[in-house]
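Source file final-v5.pdb; content: PDB, C-alpha atoms.
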ATOM      1  CA  MET A 657      13.623   9.570 -25.484
ATOM      2  CA  SER A 658      11.245  10.234 -22.635
ATOM      3  CA  ILE A 659      10.476   9.358 -19.023
ATOM      4  CA  LYS A 660       6.934   9.037 -17.709
ATOM      5  CA  VAL A 661       6.589  10.686 -14.307
ATOM      6  CA  ARG A 662       3.695  10.073 -11.893
ATOM      7  CA  TYR A 663       2.709  11.772  -8.651
ATOM      8  CA  PHE A 664       0.455  10.248  -6.015
ATOM      9  CA  ALA A 665      -1.632  11.343  -3.029
ATOM     10  CA  SER A 666      -0.603  14.646  -1.385
ATOM     11  CA  LEU A 667       2.246  15.013  -3.874
ATOM     12  CA  LYS A 668      -0.337  15.485  -6.642
ATOM     13  CA  ASP A 669      -1.782  18.412  -4.698
ATOM     14  CA  ILE A 670       1.645  19.889  -4.002
ATOM     15  CA  VAL A 671       2.834  19.853  -7.616
ATOM     16  CA  GLY A 672      -0.667  20.442  -9.021
ATOM     17  CA  ARG A 673      -0.410  17.597 -11.539
ATOM     18  CA  THR A 674      -0.826  13.836 -11.691
ATOM     19  CA  GLY A 675       2.057  13.301 -14.053
ATOM     20  CA  ASP A 676       4.596  14.593 -16.532
ATOM     21  CA  GLU A 677       6.500  13.438 -19.566
ATOM     22  CA  LEU A 678      10.151  14.484 -19.598
ATOM     23  CA  GLN A 679      12.329  14.349 -22.685
ATOM     24  CA  VAL A 680      15.862  13.193 -21.899
ATOM     25  CA  SER A 681      18.922  12.593 -24.011
ATOM     26  CA  GLU A 682      20.674  10.335 -21.514
ATOM     27  CA  SER A 683      20.152   8.561 -18.178
ATOM     28  CA  VAL A 684      19.486  11.026 -15.341
ATOM     29  CA  SER A 685      18.892  10.683 -11.603
ATOM     30  CA  ALA A 686      15.405  10.786 -10.089
ATOM     31  CA  ARG A 687      16.549  13.849  -8.142
ATOM     32  CA  LYS A 688      17.460  15.650 -11.367
ATOM     33  CA  VAL A 689      14.069  14.827 -12.852
ATOM     34  CA  TRP A 690      12.329  16.361  -9.811
ATOM     35  CA  LEU A 691      14.493  19.498  -9.972
ATOM     36  CA  GLU A 692      13.873  19.851 -13.691
ATOM     37  CA  LEU A 693      10.101  19.475 -13.411
ATOM     38  CA  ASN A 694       9.539  21.200 -10.078
ATOM     39  CA  PRO A 695      12.313  23.800  -9.735
ATOM     40  CA  GLU A 696      10.267  25.929  -7.368
ATOM     41  CA  ILE A 697       9.312  23.085  -4.979
ATOM     42  CA  ALA A 698      11.850  21.771  -2.463
ATOM     43  CA  ILE A 699      12.180  17.999  -2.420
ATOM     44  CA  PRO A 700      10.114  16.801   0.581
ATOM     45  CA  ASN A 701      12.188  15.099   3.306
ATOM     46  CA  THR A 702       9.840  12.142   3.350
ATOM     47  CA  LEU A 703       9.632  11.714  -0.430
ATOM     48  CA  LEU A 704       9.480   8.132  -1.689
ATOM     49  CA  VAL A 705      10.612   7.222  -5.184
ATOM     50  CA  ALA A 706       9.922   4.251  -7.443
ATOM     51  CA  VAL A 707      11.210   3.339 -10.886
ATOM     52  CA  ASN A 708       9.249   0.761 -12.847
ATOM     53  CA  LEU A 709       7.226  -0.146  -9.727
ATOM     54  CA  GLU A 710      10.288  -0.740  -7.504
ATOM     55  CA  TYR A 711      11.478   1.463  -4.653
ATOM     56  CA  VAL A 712      14.734   3.310  -5.385
ATOM     57  CA  ASN A 713      16.575   6.245  -3.854
ATOM     58  CA  LEU A 714      16.691   9.751  -5.272
ATOM     59  CA  ASP A 715      20.057   9.177  -6.904
ATOM     60  CA  ALA A 716      18.921   6.127  -8.841
ATOM     61  CA  PRO A 717      19.298   6.430 -12.614
ATOM     62  CA  VAL A 718      16.224   6.809 -14.776
ATOM     63  CA  LYS A 719      16.376   6.151 -18.491
ATOM     64  CA  ASP A 720      14.299   6.319 -21.637
ATOM     65  CA  GLY A 721      11.024   4.433 -21.315
ATOM     66  CA  ASP A 722      11.096   4.224 -17.512
ATOM     67  CA  GLU A 723       8.141   5.084 -15.307
ATOM     68  CA  LEU A 724       9.242   7.217 -12.373
ATOM     69  CA  ALA A 725       6.883   7.791  -9.449
ATOM     70  CA  PHE A 726       7.081  10.258  -6.584
ATOM     71  CA  PHE A 727       4.890   9.836  -3.525
ATOM     72  CA  PRO A 728       4.612  10.527   0.211
ATOM     73  CA  PRO A 729       4.893   7.894   2.997
ATOM     74  CA  VAL A 730       2.325   5.167   2.525
ATOM     75  CA  THR A 731      -0.693   4.974   4.835
ATOM     76  CA  GLY A 732      -2.559   1.788   3.946
ATOM     77  CA  GLY A 733      -3.866  -0.949   6.193
TER      78      GLY A 733
ATOM     79  CA  MET B 579      -1.392 -17.253  -2.120
ATOM     80  CA  THR B 580      -4.094 -14.807  -3.112
ATOM     81  CA  ILE B 581      -3.949 -11.026  -3.162
ATOM     82  CA  LYS B 582      -7.022  -8.965  -3.999
ATOM     83  CA  LEU B 583      -7.668  -5.239  -4.213
ATOM     84  CA  CYS B 584     -11.374  -4.607  -3.725
ATOM     85  CA  GLU B 585     -13.386  -1.626  -4.916
ATOM     86  CA  GLN B 586     -16.476  -2.815  -3.027
ATOM     87  CA  THR B 587     -17.052  -3.598   0.628
ATOM     88  CA  PHE B 588     -16.415  -7.209   1.659
ATOM     89  CA  ASN B 589     -17.104  -9.447   4.632
ATOM     90  CA  PRO B 590     -13.688 -10.678   5.837
ATOM     91  CA  TRP B 591     -15.091 -13.580   7.859
ATOM     92  CA  GLN B 592     -17.026 -14.855   4.857
ATOM     93  CA  GLU B 593     -13.919 -14.496   2.694
ATOM     94  CA  VAL B 594     -11.800 -16.490   5.160
ATOM     95  CA  GLU B 595     -14.392 -19.231   5.419
ATOM     96  CA  THR B 596     -14.849 -19.511   1.648
ATOM     97  CA  TYR B 597     -11.113 -19.476   0.978
ATOM     98  CA  GLN B 598     -10.465 -22.077   3.634
ATOM     99  CA  GLN B 599     -13.127 -24.345   2.162
ATOM    100  CA  GLN B 600     -11.890 -23.956  -1.399
ATOM    101  CA  ALA B 601      -8.138 -23.459  -1.258
ATOM    102  CA  ILE B 602      -6.706 -24.936   1.921
ATOM    103  CA  MET B 603      -5.992 -28.643   2.083
ATOM    104  CA  LYS B 604      -7.989 -30.233   4.869
ATOM    105  CA  GLY B 605      -5.995 -31.991   7.546
ATOM    106  CA  LYS B 606      -2.790 -30.086   6.748
ATOM    107  CA  TYR B 607      -3.363 -26.886   8.672
ATOM    108  CA  GLY B 608      -3.487 -26.568  12.415
ATOM    109  CA  ALA B 609      -3.617 -22.791  12.631
ATOM    110  CA  CYS B 610      -5.165 -19.837  10.869
ATOM    111  CA  SER B 611      -4.268 -16.357  12.021
ATOM    112  CA  VAL B 612      -6.593 -13.573  10.848
ATOM    113  CA  PHE B 613      -6.077  -9.836  11.059
ATOM    114  CA  VAL B 614      -8.911  -7.521  10.057
ATOM    115  CA  GLY B 615      -8.414  -3.776   9.892
ATOM    116  CA  THR B 616     -11.562  -1.657  10.033
ATOM    117  CA  MET B 617     -12.165   2.030   9.380
ATOM    118  CA  ARG B 618     -12.714   4.115  12.523
ATOM    119  CA  ASP B 619     -14.950   7.189  12.627
ATOM    120  CA  PHE B 620     -12.293   9.204  14.439
ATOM    121  CA  ASN B 621      -8.663  10.139  13.895
ATOM    122  CA  GLN B 622      -6.423  12.736  15.522
ATOM    123  CA  ASP B 623      -9.277  14.149  17.656
ATOM    124  CA  GLU B 624     -11.601  14.670  14.677
ATOM    125  CA  THR B 625     -14.700  12.807  13.504
ATOM    126  CA  VAL B 626     -14.158  11.244  10.114
ATOM    127  CA  LYS B 627     -17.110  10.876   7.748
ATOM    128  CA  SER B 628     -15.466   8.941   4.924
ATOM    129  CA  MET B 629     -12.130   8.168   3.386
ATOM    130  CA  PHE B 630     -10.642   7.656  -0.073
ATOM    131  CA  LEU B 631      -7.995   4.949  -0.447
ATOM    132  CA  GLU B 632      -5.668   5.720  -3.314
ATOM    133  CA  HIS B 633      -3.171   3.166  -4.590
ATOM    134  CA  TYR B 634      -0.570   2.748  -7.313
ATOM    135  CA  PRO B 635      -1.977   0.122  -9.706
ATOM    136  CA  GLY B 636       0.690  -2.418 -10.546
ATOM    137  CA  MET B 637       3.124  -1.419  -7.824
ATOM    138  CA  THR B 638       0.699  -2.067  -4.980
ATOM    139  CA  GLU B 639       0.039  -5.645  -6.121
ATOM    140  CA  LYS B 640       3.745  -6.205  -6.744
ATOM    141  CA  GLN B 641       4.736  -5.017  -3.280
ATOM    142  CA  LEU B 642       2.032  -7.104  -1.587
ATOM    143  CA  GLN B 643       3.203 -10.151  -3.526
ATOM    144  CA  ARG B 644       6.773  -9.533  -2.416
ATOM    145  CA  ILE B 645       5.761  -9.127   1.235
ATOM    146  CA  ALA B 646       3.832 -12.398   1.128
ATOM    147  CA  GLU B 647       6.801 -14.171  -0.475
ATOM    148  CA  GLN B 648       9.153 -12.800   2.176
ATOM    149  CA  ALA B 649       6.840 -14.134   4.880
ATOM    150  CA  ALA B 650       6.716 -17.536   3.191
ATOM    151  CA  GLN B 651      10.530 -17.652   3.116
ATOM    152  CA  GLN B 652      10.786 -16.815   6.793
ATOM    153  CA  TRP B 653       7.997 -18.961   8.242
ATOM    154  CA  SER B 654       6.445 -22.294   7.369
ATOM    155  CA  ILE B 655       3.243 -21.157   5.688
ATOM    156  CA  LEU B 656       0.633 -23.157   3.794
ATOM    157  CA  ASP B 657      -1.210 -20.212   2.272
ATOM    158  CA  HIS B 658      -2.097 -16.528   2.589
ATOM    159  CA  LEU B 659      -5.169 -14.502   1.716
ATOM    160  CA  ILE B 660      -4.548 -10.761   1.570
ATOM    161  CA  MET B 661      -7.361  -8.354   0.675
ATOM    162  CA  HIS B 662      -7.312  -4.550   0.758
ATOM    163  CA  ARG B 663      -9.985  -1.989  -0.061
ATOM    164  CA  VAL B 664      -9.396   0.819  -2.548
ATOM    165  CA  GLY B 665     -11.648   3.778  -3.382
ATOM    166  CA  GLU B 666     -14.340   5.273  -1.156
ATOM    167  CA  VAL B 667     -14.799   3.751   2.292
ATOM    168  CA  ILE B 668     -16.933   4.656   5.276
ATOM    169  CA  PRO B 669     -16.584   3.907   9.001
ATOM    170  CA  ASP B 670     -16.989   0.240   9.886
ATOM    171  CA  ASP B 671     -15.917  -0.885   6.398
ATOM    172  CA  THR B 672     -13.184  -3.496   6.389
ATOM    173  CA  LEU B 673      -9.969  -1.954   5.059
ATOM    174  CA  VAL B 674      -7.646  -4.936   5.137
ATOM    175  CA  LEU B 675      -7.677  -8.674   5.708
ATOM    176  CA  VAL B 676      -4.565 -10.788   6.251
ATOM    177  CA  ALA B 677      -5.196 -14.485   6.828
ATOM    178  CA  THR B 678      -2.360 -16.981   7.157
ATOM    179  CA  TRP B 679      -2.650 -20.742   7.373
ATOM    180  CA  SER B 680       0.093 -22.956   8.742
ATOM    181  CA  ALA B 681       0.574 -26.216  10.596
ATOM    182  CA  HIS B 682       1.338 -24.450  13.884
ATOM    183  CA  ARG B 683       0.216 -21.210  15.547
ATOM    184  CA  GLY B 684       3.650 -19.608  15.861
ATOM    185  CA  ASP B 685       4.196 -19.436  12.127
ATOM    186  CA  ALA B 686       0.638 -18.220  11.482
ATOM    187  CA  PHE B 687       0.804 -15.472  14.132
ATOM    188  CA  ASP B 688       4.278 -14.263  13.228
ATOM    189  CA  ALA B 689       3.784 -14.309   9.459
ATOM    190  CA  SER B 690       0.485 -12.404   9.705
ATOM    191  CA  ARG B 691       2.073  -9.769  11.924
ATOM    192  CA  PHE B 692       5.033  -9.443   9.565
ATOM    193  CA  ILE B 693       2.749  -9.037   6.543
ATOM    194  CA  MET B 694       0.608  -6.383   8.258
ATOM    195  CA  GLU B 695       3.561  -4.336   9.483
ATOM    196  CA  ARG B 696       5.288  -4.490   6.084
ATOM    197  CA  LEU B 697       2.054  -3.621   4.315
ATOM    198  CA  LYS B 698       1.737  -0.559   6.566
ATOM    199  CA  THR B 699       5.208   0.693   5.670
ATOM    200  CA  SER B 700       5.781  -0.345   2.065
ATOM    201  CA  ALA B 701       2.560  -1.115   0.148
ATOM    202  CA  PRO B 702       1.625   2.033  -1.805
ATOM    203  CA  PHE B 703      -1.775   2.989  -0.431
ATOM    204  CA  TRP B 704      -2.729   6.471   0.787
ATOM    205  CA  LYS B 705      -5.701   7.600   2.852
ATOM    206  CA  LYS B 706      -7.534  10.866   2.309
ATOM    207  CA  GLU B 707     -10.059  11.602   5.026
ATOM    208  CA  THR B 708     -13.219  13.674   4.755
ATOM    209  CA  LEU B 709     -14.176  15.106   8.150
ATOM    210  CA  VAL B 710     -17.747  15.841   9.270
ATOM    211  CA  SER B 711     -16.992  19.521   8.675
ATOM    212  CA  GLY B 712     -16.431  18.680   5.003
ATOM    213  CA  LYS B 713     -12.710  19.395   5.264
ATOM    214  CA  GLU B 714     -10.446  16.915   3.462
ATOM    215  CA  ARG B 715      -6.971  15.912   4.616
ATOM    216  CA  TRP B 716      -4.345  13.349   3.690
ATOM    217  CA  VAL B 717      -3.193  11.023   6.458
ATOM    218  CA  ASP B 718       0.506  11.813   6.577
ATOM    219  CA  LYS B 719       1.887   8.634   8.185
ATOM    220  CA  ASN B 720       1.007   5.322   9.806
ATOM    221  CA  SER B 721       1.716   4.745  13.476
ATOM    222  CA  ASP B 722       4.286   2.148  14.520
ATOM    223  CA  GLY B 723       2.397  -1.079  15.230
ATOM    224  CA  TYR B 724       4.986  -2.272  17.747
ATOM    225  CA  GLN B 725       4.583   0.670  20.141
TER     226      GLN B 725
END
Write-out of the structure in structure tokens:
Amino acid sequence: MSIKVRYFASLKDIVGRTGDELQVSESVSARKVWLELNPEIAIPNTLLVAVNLEYVNLDAPVKDGDELAFFPPVTGG
Amino acid sequence: MTIKLCEQTFNPWQEVETYQQQAIMKGKYGACSVFVGTMRDFNQDETVKSMFLEHYPGMTEKQLQRIAEQAAQQWSILDHLIMHRVGEVIPDDTLVLVATWSAHRGDAFDASRFIMERLKTSAPFWKKETLVSGKERWVDKNSDGYQ
């Protein structure tokens, strides 16, 4: 069972990667995924989170097969 | 309702005219409100040479669709055309076009404003500027359009 993790914009530079694949045995929170993959990087205050292309909060559950994305505030327009 | 992400530069006025000719029923609309956002060559006291617009394929389109649907639920709208650049842009390039057609001006004005402000806060796009010095920097937030 695995979760696909993506990082965008300045977050890519901060973590030094564009994505990760995390093996999980059960549903976990987005926060736990961040802490597992980036234990040395504090969660940014302005962090935005999406699961399967929908905004969620850091405590939202993420399960096998989900795509989890972390990104900074959006700046389009 | 049409939403397009564009990798190449586009002429917003031409797009509005073409769309109006092809997609909007003649005689039914009394108002068309158009917002065009253009890249400046300055930001935060620095001269900007170019910019890269990153987006989240799939989520960006989905969020824009949702914003347009929310506007259509709130105001009496005949149609929308929303276009946004992605990739490399230079000053004077059009970044975004929001055109809204309705029977009356109030709905067109208000729906366009709603779409633009929502796009600014929830559509996943990010700007990375290249300054004339060659330095690159991410734009960290959008300003509040109502201030």
Which residues of chain B have any atom within 7 Å of an atom in chain A when counting all atoms listed in the file, and what is the closest pair of atoms for each, with the distance in Å to one decimal? Order the rows by chain and rising number and write it as JSON lines.
{"residue": "B:Gly615", "atom": "CA", "partner": "A:Gly733", "partner_atom": "CA", "distance": 6.5}
{"residue": "B:Glu632", "atom": "CA", "partner": "A:Ala665", "partner_atom": "CA", "distance": 6.9}
{"residue": "B:Gly636", "atom": "CA", "partner": "A:Leu709", "partner_atom": "CA", "distance": 7.0}
{"residue": "B:Met637", "atom": "CA", "partner": "A:Leu709", "partner_atom": "CA", "distance": 4.7}
{"residue": "B:Leu673", "atom": "CA", "partner": "A:Gly733", "partner_atom": "CA", "distance": 6.3}
{"residue": "B:Val674", "atom": "CA", "partner": "A:Gly733", "partner_atom": "CA", "distance": 5.6}
{"residue": "B:Leu697", "atom": "CA", "partner": "A:Gly733", "partner_atom": "CA", "distance": 6.8}
{"residue": "B:Lys698", "atom": "CA", "partner": "A:Gly732", "partner_atom": "CA", "distance": 5.6}
{"residue": "B:Thr699", "atom": "CA", "partner": "A:Val730", "partner_atom": "CA", "distance": 6.2}
{"residue": "B:Ser700", "atom": "CA", "partner": "A:Val730", "partner_atom": "CA", "distance": 6.5}
{"residue": "B:Ala701", "atom": "CA", "partner": "A:Val730", "partner_atom": "CA", "distance": 6.7}
{"residue": "B:Pro702", "atom": "CA", "partner": "A:Val730", "partner_atom": "CA", "distance": 5.4}
{"residue": "B:Phe703", "atom": "CA", "partner": "A:Gly732", "partner_atom": "CA", "distance": 4.6}
{"residue": "B:Trp704", "atom": "CA", "partner": "A:Thr731", "partner_atom": "CA", "distance": 4.8}
{"residue": "B:Lys705", "atom": "CA", "partner": "A:Thr731", "partner_atom": "CA", "distance": 6.0}
{"residue": "B:Trp716", "atom": "CA", "partner": "A:Ser666", "partner_atom": "CA", "distance": 6.4}
{"residue": "B:Val717", "atom": "CA", "partner": "A:Thr731", "partner_atom": "CA", "distance": 6.7}
{"residue": "B:Asp718", "atom": "CA", "partner": "A:Pro729", "partner_atom": "CA", "distance": 6.9}
{"residue": "B:Lys719", "atom": "CA", "partner": "A:Thr731", "partner_atom": "CA", "distance": 5.6}
{"residue": "B:Asn720", "atom": "CA", "partner": "A:Thr731", "partner_atom": "CA", "distance": 5.3}
Non-local contacts of Gly608 in chain B (7 Å; all atoms listed in the file; under 3 positions in same chain excluded) as a ChimeraX atom specification: /B:680-682
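For Tyr607 in chain B, the list of residues within 10 Å, based on only C-alpha atoms and with local chain neighbours fewer than 4 positions off taken out, reads B:Gln598, B:Ile602, B:Met603, B:Ile655, B:Leu656, B:Asp657, B:Trp679, B:Ser680, B:Ala681, B:His682, B:Arg683, B:Ala686.
CA of Leu631 in chain B is found 12.0 Å from CA of Asp671 in chain B.
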Between CA of Leu667 in chain A and CA of Ser721 in chain B - distance in Å to one decimal: 20.2 Å
The PyMOL selection byres ((chain B and resi 676) around 7) resolved against shown file, as a ChimeraX atom specification: /B:612-614,659-661,674-675,677-678,690
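Pairwise distance (CA of Leu678 in chain A, CA of Asn701 in chain A) equals 23.0 Å.
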Edge lengths and centre in Å to one decimal, as lines of an AutoDock Vina configuration file, of the axis-aligned box that encloses all listed atoms of range 676-687 of chain A with 3 Å added on every side?
center_x = 12.6
center_y = 11.6
center_z = -16.1
size_x = 22.1
size_y = 12.0
size_z = 21.9
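The environment of Ile659 in chain A within 6 Å, counting only C-alpha atoms and disregarding residues fewer than 4 places along the same chain, consists of Glu677, Leu678, Asp720, Gly721 and Asp722 of chain A.
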Final N, CA and C atoms of range 706-727 of chain A as an mmCIF file, in the coordinates of the input:
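What follows is the written file part22.cif:
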data_model
loop_
_atom_site.group_PDB
_atom_site.id
_atom_site.type_symbol
_atom_site.label_atom_id
_atom_site.label_comp_id
_atom_site.auth_asym_id
_atom_site.auth_seq_id
_atom_site.Cartn_x
_atom_site.Cartn_y
_atom_site.Cartn_z
ATOM 1 N N ALA A 706 9.930 5.581 -6.831
ATOM 2 C CA ALA A 706 9.922 4.251 -7.443
ATOM 3 C C ALA A 706 10.222 4.383 -8.931
ATOM 4 N N VAL A 707 10.979 3.421 -9.441
ATOM 5 C CA VAL A 707 11.210 3.339 -10.886
ATOM 6 C C VAL A 707 10.718 1.976 -11.344
ATOM 7 N N ASN A 708 9.838 1.997 -12.318
ATOM 8 C CA ASN A 708 9.249 0.761 -12.847
ATOM 9 C C ASN A 708 8.697 -0.124 -11.727
ATOM 10 N N LEU A 709 7.971 0.516 -10.807
ATOM 11 C CA LEU A 709 7.226 -0.146 -9.727
ATOM 12 C C LEU A 709 8.100 -0.687 -8.596
ATOM 13 N N GLU A 710 9.394 -0.303 -8.574
ATOM 14 C CA GLU A 710 10.288 -0.740 -7.504
ATOM 15 C C GLU A 710 10.830 0.477 -6.762
ATOM 16 N N TYR A 711 10.911 0.365 -5.423
ATOM 17 C CA TYR A 711 11.478 1.463 -4.653
ATOM 18 C C TYR A 711 12.945 1.686 -5.015
ATOM 19 N N VAL A 712 13.335 2.945 -5.153
ATOM 20 C CA VAL A 712 14.734 3.310 -5.385
ATOM 21 C C VAL A 712 15.022 4.555 -4.556
ATOM 22 N N ASN A 713 16.295 4.979 -4.528
ATOM 23 C CA ASN A 713 16.575 6.245 -3.854
ATOM 24 C C ASN A 713 16.663 7.368 -4.890
ATOM 25 N N LEU A 714 16.760 8.579 -4.388
ATOM 26 C CA LEU A 714 16.691 9.751 -5.272
ATOM 27 C C LEU A 714 17.833 9.823 -6.276
ATOM 28 N N ASP A 715 18.916 9.122 -5.983
ATOM 29 C CA ASP A 715 20.057 9.177 -6.904
ATOM 30 C C ASP A 715 20.058 8.031 -7.910
ATOM 31 N N ALA A 716 19.012 7.245 -7.882
ATOM 32 C CA ALA A 716 18.921 6.127 -8.841
ATOM 33 C C ALA A 716 18.799 6.670 -10.262
ATOM 34 N N PRO A 717 19.401 5.987 -11.222
ATOM 35 C CA PRO A 717 19.298 6.430 -12.614
ATOM 36 C C PRO A 717 17.940 6.117 -13.220
ATOM 37 N N VAL A 718 17.475 7.011 -14.049
ATOM 38 C CA VAL A 718 16.224 6.809 -14.776
ATOM 39 C C VAL A 718 16.546 6.997 -16.252
ATOM 40 N N LYS A 719 16.016 6.080 -17.069
ATOM 41 C CA LYS A 719 16.376 6.151 -18.491
ATOM 42 C C LYS A 719 15.132 6.151 -19.381
ATOM 43 N N ASP A 720 15.369 6.282 -20.641
ATOM 44 C CA ASP A 720 14.299 6.319 -21.637
ATOM 45 C C ASP A 720 13.315 5.158 -21.445
ATOM 46 N N GLY A 721 12.047 5.474 -21.417
ATOM 47 C CA GLY A 721 11.024 4.433 -21.315
ATOM 48 C C GLY A 721 10.642 4.073 -19.892
ATOM 49 N N ASP A 722 11.400 4.559 -18.911
ATOM 50 C CA ASP A 722 11.096 4.224 -17.512
ATOM 51 C C ASP A 722 9.868 4.981 -17.022
ATOM 52 N N GLU A 723 9.202 4.378 -16.026
ATOM 53 C CA GLU A 723 8.141 5.084 -15.307
ATOM 54 C C GLU A 723 8.682 5.440 -13.925
ATOM 55 N N LEU A 724 8.717 6.715 -13.649
ATOM 56 C CA LEU A 724 9.242 7.217 -12.373
ATOM 57 C C LEU A 724 8.067 7.742 -11.553
ATOM 58 N N ALA A 725 7.993 7.322 -10.294
ATOM 59 C CA ALA A 725 6.883 7.791 -9.449
ATOM 60 C C ALA A 725 7.418 8.464 -8.196
ATOM 61 N N PHE A 726 6.767 9.556 -7.828
ATOM 62 C CA PHE A 726 7.081 10.258 -6.584
ATOM 63 C C PHE A 726 5.848 10.200 -5.704
ATOM 64 N N PHE A 727 6.044 9.858 -4.430
ATOM 65 C CA PHE A 727 4.890 9.836 -3.525
ATOM 66 C C PHE A 727 5.312 10.007 -2.063
#
